[in-house]
Structure formats: structure tokens, C-alpha cells
Amino acid sequence: MAEQETGAGGVTALAEANAPVFETLVQMTLDTYERSGLDEETYLLARIAALVAMDASAPSYLLNIGTAAEVGVPLEKIQGTLVAIAPVVGSARVVSAARAIGEAFGLELPTEEEQ
């Protein structure tokens, strides 16, 4: 079986592939950023908050948190965003997001039995 590339390298591999769906998503994101009028950090934190609210999958976090890291958004601001939205979206969504983020970046997370 071919080895899968994870992390920002996996996103880069997708971007370099002939992937019209991915290219469309990238273009939509670029257009949205320009139209938002937000600075890059605020824009990415808002996207991460939206991902939590919709219980997004690990690849969505990989793309957005990977991009945030590349542009210098401190991890503390991402964590602060999760804390800030928890009362609105609920603790279950934030815990689910934390698990998906850990999965996206290949972190070893405790199972429910280990907690």
C-alpha cells in the first residue's frame, strides 16, 4: 500500500495534483479572504471557529490550522478561539474538534476508556 502523506505536506501534495475540486476550493477561499476585509489571522481564526460549529472532519482542520501555522498564527490564539466559542457551540463540539485536530496532525490521543 502506498504511504500516505499527512500534515501540511499532504495538503501540498493535493495542491500539486491534478485535483479540480481542490483547486476550486482553494480559489473560493482566496476570493473569500479578499472580500472579507479581515486580516489574515482573524480570517483563519473565524474559519476554524466555523469548522468547530459544523463538526468538521480532520482534513478541514489540517488545511486551515496548517495554513494558520504557516502565516504565524500562534497556537495560543487557536486555543483561545476554541475557549471563546465553547459556550456558544457547546463542549461536545469543542471536544470533537480537539479530537479531529489531533487526528489531522497525527497526535496520540487517549481513548474514551483511558480518560
# chains A, B, ... in the order shown; residues from 1 in each chain; ligands from 1
$ residues_around --residues "A:Thr81" --least-positions-apart "6" --cutoff "9 Å" --atoms "only C-alpha atoms" --output "list in words"
Leu45, Ala46, Ile48 and Ala49 of chain A
$ write_last_selection --atoms "N, CA, C and O atoms" --output "PDB file, in the first residue's frame"
ATOM      1  N   LEU A  45      -8.847  32.389  12.061  1.00  0.00           N
ATOM      2  CA  LEU A  45      -9.477  32.042  13.334  1.00  0.00           C
ATOM      3  C   LEU A  45     -10.989  31.934  13.179  1.00  0.00           C
ATOM      4  O   LEU A  45     -11.621  31.047  13.766  1.00  0.00           O
ATOM      5  N   ALA A  46     -11.573  32.805  12.374  1.00  0.00           N
ATOM      6  CA  ALA A  46     -13.019  32.718  12.108  1.00  0.00           C
ATOM      7  C   ALA A  46     -13.354  31.424  11.385  1.00  0.00           C
ATOM      8  O   ALA A  46     -14.358  30.760  11.691  1.00  0.00           O
ATOM      9  N   ILE A  48     -11.674  28.590  11.541  1.00  0.00           N
ATOM     10  CA  ILE A  48     -11.515  27.495  12.495  1.00  0.00           C
ATOM     11  C   ILE A  48     -12.735  27.427  13.413  1.00  0.00           C
ATOM     12  O   ILE A  48     -13.258  26.346  13.686  1.00  0.00           O
ATOM     13  N   ALA A  49     -13.218  28.579  13.857  1.00  0.00           N
ATOM     14  CA  ALA A  49     -14.423  28.613  14.694  1.00  0.00           C
ATOM     15  C   ALA A  49     -15.613  28.029  13.938  1.00  0.00           C
ATOM     16  O   ALA A  49     -16.412  27.264  14.506  1.00  0.00           O
TER      17      ALA A  49
END
$ residues_around --residues "A:Tyr33" --least-positions-apart "6" --cutoff "12 Å" --atoms "only C-alpha atoms" --output "NGL selection string"
:A and (26-27 or 39-44 or 46-47)
$ write_last_selection --atoms "C-alpha atoms" --output "PDB file, in the first residue's frame"
ATOM      1  CA  VAL A  26      -8.575  26.947  -2.940  1.00  0.00           C
ATOM      2  CA  GLN A  27      -9.880  29.556  -5.379  1.00  0.00           C
ATOM      3  CA  ASP A  39      -6.613  40.485   8.354  1.00  0.00           C
ATOM      4  CA  GLU A  40      -5.215  37.018   7.668  1.00  0.00           C
ATOM      5  CA  GLU A  41      -5.071  35.915  11.318  1.00  0.00           C
ATOM      6  CA  THR A  42      -8.659  36.949  12.086  1.00  0.00           C
ATOM      7  CA  TYR A  43      -9.876  35.340   8.881  1.00  0.00           C
ATOM      8  CA  LEU A  44      -8.270  31.995   9.715  1.00  0.00           C
ATOM      9  CA  ALA A  46     -13.019  32.718  12.108  1.00  0.00           C
ATOM     10  CA  ARG A  47     -12.751  29.766   9.711  1.00  0.00           C
TER      11      ARG A  47
END
$ closest_residue --among "A:Ala56, A:Val73, A:Val21, A:Ile65" --to "A:Val95" --atoms "only C-alpha atoms"
A:Ala56
$ residues_around --residues "stretch 99-102 of chain A" --least-positions-apart "3" --cutoff "12 Å" --atoms "only C-alpha atoms" --output "PyMOL selection string"
chain A and resi 6-7+48+51-52+55-66+78-79+82+92-96+105-112
$ atom_distance --atom1 "atom CA of A:Ala68" --atom2 "atom CA of A:Ser36"
16.3 Å
